[in-house]
Amino acid sequence: MAREATIIRTTSESTVELYLNLDGSGKTDIDTSVPFFNHMMTALGKHSLIDLTIKAHGDTDIDVHHTVEDTAIVFGEALRQALGDKRGLRRFADATVPLDEALATAVVDISGRPYAVCSGEPEGFEFAMIGGHFTGSLVRHVLESIAFHAGICLHMRVLAGRDPHHIAEAEFKALARALRYAVEVDPRVQGIPSTKGAL
C-alpha cells in the first residue's frame with residue numbers, strides 16, 4: 001500500500017498544495033514563495049528520503065508568517081495521513097546533525113500524541129533575520145506546527161551554534177534524519193508498535 005498523501009489547503013491568507021511519499025528517494029520540488037523556507041523544506045525532503053512537492057503562496061506582502069505556518073500545518077497533516085494505521089513502523093528515532101559550528105539533535109516518536117519541546121537556541125536567535133524574510137522564531141513555530149498536526153512527539157535541542165542560518169539548517173536536517181528512520185517499516189515489527197495496540 002502506497003504511503004502517500006496529497007493535500008490542498010486554501011484560506012484567506014494562503015494556498016498550499018502539497019504531495020509527499022514516505023517511501024521515496026528524497027526527490028523535491030519546493031516553491032513556497034519564501035526562499036529560505038524553500039531551502040529548509042528541500043533539505044527536509046532530501047535527508048528524510050521523503051519525496052516532497054510543495055506549491056504555496058500567500059500574503060507575503062504582509063509577512064511570510066502565514067504562508068510558512070500553513071505550509072507546516074499541511075506537511076504535518078500529510079505526514080499523519082500517509083502514515084496510515086502505523087503498522088510495522090520503527091516509531092522511535094533520533095538524529096544528531098552538525099553544520100559547521102552548529103549542532104542539533106532531534107528525537108521523534110510517531111506516537112499519535114502531539115508534543116514539541118525545543119530548547120538550546122542561543123539568546124536572540126528568535127530575532128535573527130535569515131535570508132531577508134525568515135525570522136529565527138519561525139523555526140520553532142514550524143517544528144511545533146508539524147508535530148501538532150502530524151500527531152508526533154518531537155524533541156529538538158540545539159547543542160551548539162552561532163550563525164542563525166547554520167542553526168536553523170541543522171535543526172531541519174536533524175528532523176529529517178530522525179523522520180527517515182521513525183517512519184520506516186521494520187520487518188521485525190508485527191502490527192502496531194505499541195503495548196496499547198493503537199497509535
# chains A, B, ... in the order shown; residues from 1 in each chain; ligands from 1

$ residues_around --residues "A:Asp23" --least-positions-apart "5" --cutoff "12 Å" --atoms "only C-alpha atoms" --output "ChimeraX atom specification"
/A:1-5,45,48-52,79,82-83,179-181,183-185

$ residues_around --residues "A:Leu159" --least-positions-apart "3" --cutoff "12 Å" --atoms "only C-alpha atoms" --output "list in words"
Thr96, Val97, Pro98, Leu99, Glu101, Ala102, Leu103, Ala104, Thr105, Ala106, Cys118, Ser119, Gly120, Glu121, Pro122, Met156, Arg162, Ile167, Ala170, Glu171 and Ala174 of chain A

$ write_last_selection --atoms "all heavy atoms" --output "compact mmCIF listing (two decimals), in the first residue's frame"
# COMPACT_ATOMS: atom_id res chain seq x y z
N THR A 96 21.48 13.29 15.31
CA THR A 96 22.25 14.48 15.65
C THR A 96 23.01 14.89 14.39
O THR A 96 23.70 14.07 13.79
CB THR A 96 23.24 14.20 16.79
OG1 THR A 96 22.49 13.79 17.95
CG2 THR A 96 24.04 15.44 17.15
N VAL A 97 22.83 16.16 14.01
CA VAL A 97 23.38 16.65 12.75
C VAL A 97 24.19 17.91 12.98
O VAL A 97 23.70 18.86 13.60
CB VAL A 97 22.24 16.92 11.73
CG1 VAL A 97 22.78 17.60 10.48
CG2 VAL A 97 21.54 15.62 11.36
N PRO A 98 25.42 17.95 12.44
CA PRO A 98 26.22 19.17 12.52
C PRO A 98 26.09 20.00 11.25
O PRO A 98 25.80 19.47 10.18
CB PRO A 98 27.64 18.63 12.64
CG PRO A 98 27.61 17.39 11.79
CD PRO A 98 26.21 16.82 11.91
N LEU A 99 26.31 21.28 11.35
CA LEU A 99 26.53 22.13 10.19
C LEU A 99 27.56 23.18 10.63
O LEU A 99 27.23 24.13 11.33
CB LEU A 99 25.25 22.80 9.71
CG LEU A 99 25.43 23.71 8.49
CD1 LEU A 99 26.02 22.94 7.32
CD2 LEU A 99 24.11 24.35 8.07
N GLU A 101 29.71 25.07 12.78
CA GLU A 101 29.76 25.24 14.24
C GLU A 101 28.47 24.85 14.93
O GLU A 101 28.41 24.77 16.16
CB GLU A 101 30.13 26.69 14.59
CG GLU A 101 28.98 27.68 14.69
CD GLU A 101 28.19 27.93 13.40
OE1 GLU A 101 28.66 27.57 12.31
OE2 GLU A 101 27.08 28.48 13.50
N ALA A 102 27.40 24.63 14.17
CA ALA A 102 26.09 24.32 14.74
C ALA A 102 25.90 22.80 14.87
O ALA A 102 26.41 22.02 14.07
CB ALA A 102 24.98 24.90 13.87
N LEU A 103 25.15 22.42 15.90
CA LEU A 103 24.86 21.01 16.15
C LEU A 103 23.47 20.89 16.75
O LEU A 103 23.15 21.59 17.71
CB LEU A 103 25.90 20.44 17.13
CG LEU A 103 25.84 18.94 17.43
CD1 LEU A 103 26.18 18.12 16.19
CD2 LEU A 103 26.80 18.60 18.56
N ALA A 104 22.64 20.03 16.17
CA ALA A 104 21.26 19.87 16.65
C ALA A 104 20.89 18.40 16.74
O ALA A 104 21.32 17.60 15.91
CB ALA A 104 20.28 20.60 15.74
N THR A 105 20.10 18.08 17.75
CA THR A 105 19.59 16.72 17.94
C THR A 105 18.07 16.73 17.88
O THR A 105 17.43 17.56 18.54
CB THR A 105 20.03 16.15 19.30
OG1 THR A 105 21.45 15.96 19.30
CG2 THR A 105 19.37 14.81 19.57
N ALA A 106 17.50 15.82 17.11
CA ALA A 106 16.05 15.64 17.06
C ALA A 106 15.72 14.22 17.50
O ALA A 106 16.39 13.26 17.09
CB ALA A 106 15.52 15.86 15.65
N CYS A 118 11.37 22.33 22.27
CA CYS A 118 12.50 22.90 21.55
C CYS A 118 13.35 23.69 22.53
O CYS A 118 12.82 24.54 23.25
CB CYS A 118 12.04 23.81 20.42
SG CYS A 118 10.96 23.01 19.21
N SER A 119 14.64 23.42 22.56
CA SER A 119 15.49 24.11 23.52
C SER A 119 16.89 24.31 22.95
O SER A 119 17.27 23.66 21.97
CB SER A 119 15.57 23.30 24.83
OG SER A 119 16.18 22.05 24.60
N GLY A 120 17.63 25.20 23.58
CA GLY A 120 19.03 25.37 23.26
C GLY A 120 19.38 26.42 22.24
O GLY A 120 20.56 26.69 22.01
N GLU A 121 18.37 26.99 21.58
CA GLU A 121 18.69 28.05 20.62
C GLU A 121 19.31 29.23 21.37
O GLU A 121 18.83 29.60 22.44
CB GLU A 121 17.43 28.50 19.87
CG GLU A 121 16.88 27.42 18.94
CD GLU A 121 15.53 27.79 18.34
OE1 GLU A 121 14.88 28.72 18.85
OE2 GLU A 121 15.13 27.13 17.36
N PRO A 122 20.37 29.83 20.84
CA PRO A 122 21.06 30.89 21.58
C PRO A 122 20.18 32.13 21.74
O PRO A 122 19.27 32.37 20.95
CB PRO A 122 22.28 31.20 20.72
CG PRO A 122 21.94 30.70 19.36
CD PRO A 122 21.02 29.54 19.56
N MET A 156 13.54 18.73 20.08
CA MET A 156 14.63 19.32 19.31
C MET A 156 15.52 20.10 20.27
O MET A 156 15.03 20.94 21.03
CB MET A 156 14.09 20.27 18.24
CG MET A 156 15.18 20.97 17.42
SD MET A 156 16.09 19.84 16.34
CE MET A 156 14.81 19.49 15.11
N ARG A 162 26.31 29.37 16.26
CA ARG A 162 26.49 30.82 16.29
C ARG A 162 25.73 31.48 15.13
O ARG A 162 25.02 32.44 15.33
CB ARG A 162 27.98 31.14 16.21
CG ARG A 162 28.31 32.62 16.23
CD ARG A 162 29.82 32.86 16.07
NE ARG A 162 30.31 32.37 14.78
CZ ARG A 162 31.04 31.26 14.61
NH1 ARG A 162 31.38 30.52 15.67
NH2 ARG A 162 31.43 30.88 13.41
N ILE A 167 22.28 27.19 12.35
CA ILE A 167 21.45 26.62 13.43
C ILE A 167 20.13 26.09 12.86
O ILE A 167 19.74 24.95 13.12
CB ILE A 167 21.20 27.66 14.53
CG1 ILE A 167 22.51 28.01 15.25
CG2 ILE A 167 20.16 27.16 15.53
CD1 ILE A 167 22.42 29.25 16.12
N ALA A 170 20.69 23.00 10.64
CA ALA A 170 20.99 21.80 11.43
C ALA A 170 19.72 21.23 12.06
O ALA A 170 19.53 20.00 12.12
CB ALA A 170 22.02 22.13 12.52
N GLU A 171 18.81 22.11 12.51
CA GLU A 171 17.55 21.65 13.10
C GLU A 171 16.69 20.93 12.07
O GLU A 171 16.14 19.85 12.34
CB GLU A 171 16.80 22.82 13.71
CG GLU A 171 17.44 23.38 14.96
CD GLU A 171 16.65 24.50 15.58
OE1 GLU A 171 15.75 24.22 16.39
OE2 GLU A 171 16.92 25.68 15.25
N ALA A 174 18.31 17.59 11.17
CA ALA A 174 18.16 16.62 12.26
C ALA A 174 16.75 16.03 12.27
O ALA A 174 16.57 14.81 12.43
CB ALA A 174 18.48 17.27 13.60

$ atom_distance --atom1 "atom CA of A:Leu18" --atom2 "atom CA of A:Met41"
11.6 Å

$ residues_around --residues "stretch 69-71 of chain A" --least-positions-apart "3" --cutoff "8 Å" --atoms "only C-alpha atoms" --output "list in words"
Ser14, Val16, Thr32, Ala56, His65, His66, Val74, Phe75, His141, Val142 and Ser145 of chain A

$ residues_around --residues "stretch 195-199 of chain A" --least-positions-apart "6" --cutoff "10 Å" --atoms "only C-alpha atoms" --output "list of chain:residue names"
A:Asp85, A:Lys86, A:Arg87, A:Arg91, A:Ile110, A:Ser111, A:Gly112, A:Arg113, A:Gly151, A:Ile152

$ select_by_dssp --residues "chain A" --states "alpha helix (DSSP H)" --output "JSON, numbers by chain"
{"A": [35, 36, 37, 38, 39, 40, 41, 42, 43, 44, 45, 46, 47, 48, 65, 66, 67, 68, 69, 70, 71, 72, 73, 74, 75, 76, 77, 78, 79, 80, 81, 82, 83, 137, 138, 139, 140, 141, 142, 143, 144, 145, 146, 147, 148, 149, 150, 164, 165, 166, 167, 168, 169, 170, 171, 172, 173, 174, 175, 176, 177, 178, 179, 180, 181, 182]}

$ select_by_dssp --residues "stretch 4-197 of chain A" --states "strand (DSSP E or B)" --output "PyMOL selection string"
chain A and resi 4-10+14-21+28-31+51-58+89+92-99+102-109+115-119+129-130+134-135+153-160+185

$ closest_residue --among "A:Asp109, A:Glu13, A:Glu144, A:Glu77" --to "A:Asp59" --atoms "only C-alpha atoms"
A:Glu13

$ residues_around --residues "A:Lys46" --least-positions-apart "5" --cutoff "7 Å" --atoms "only C-alpha atoms" --output "PyMOL selection string"
chain A and resi 26-28
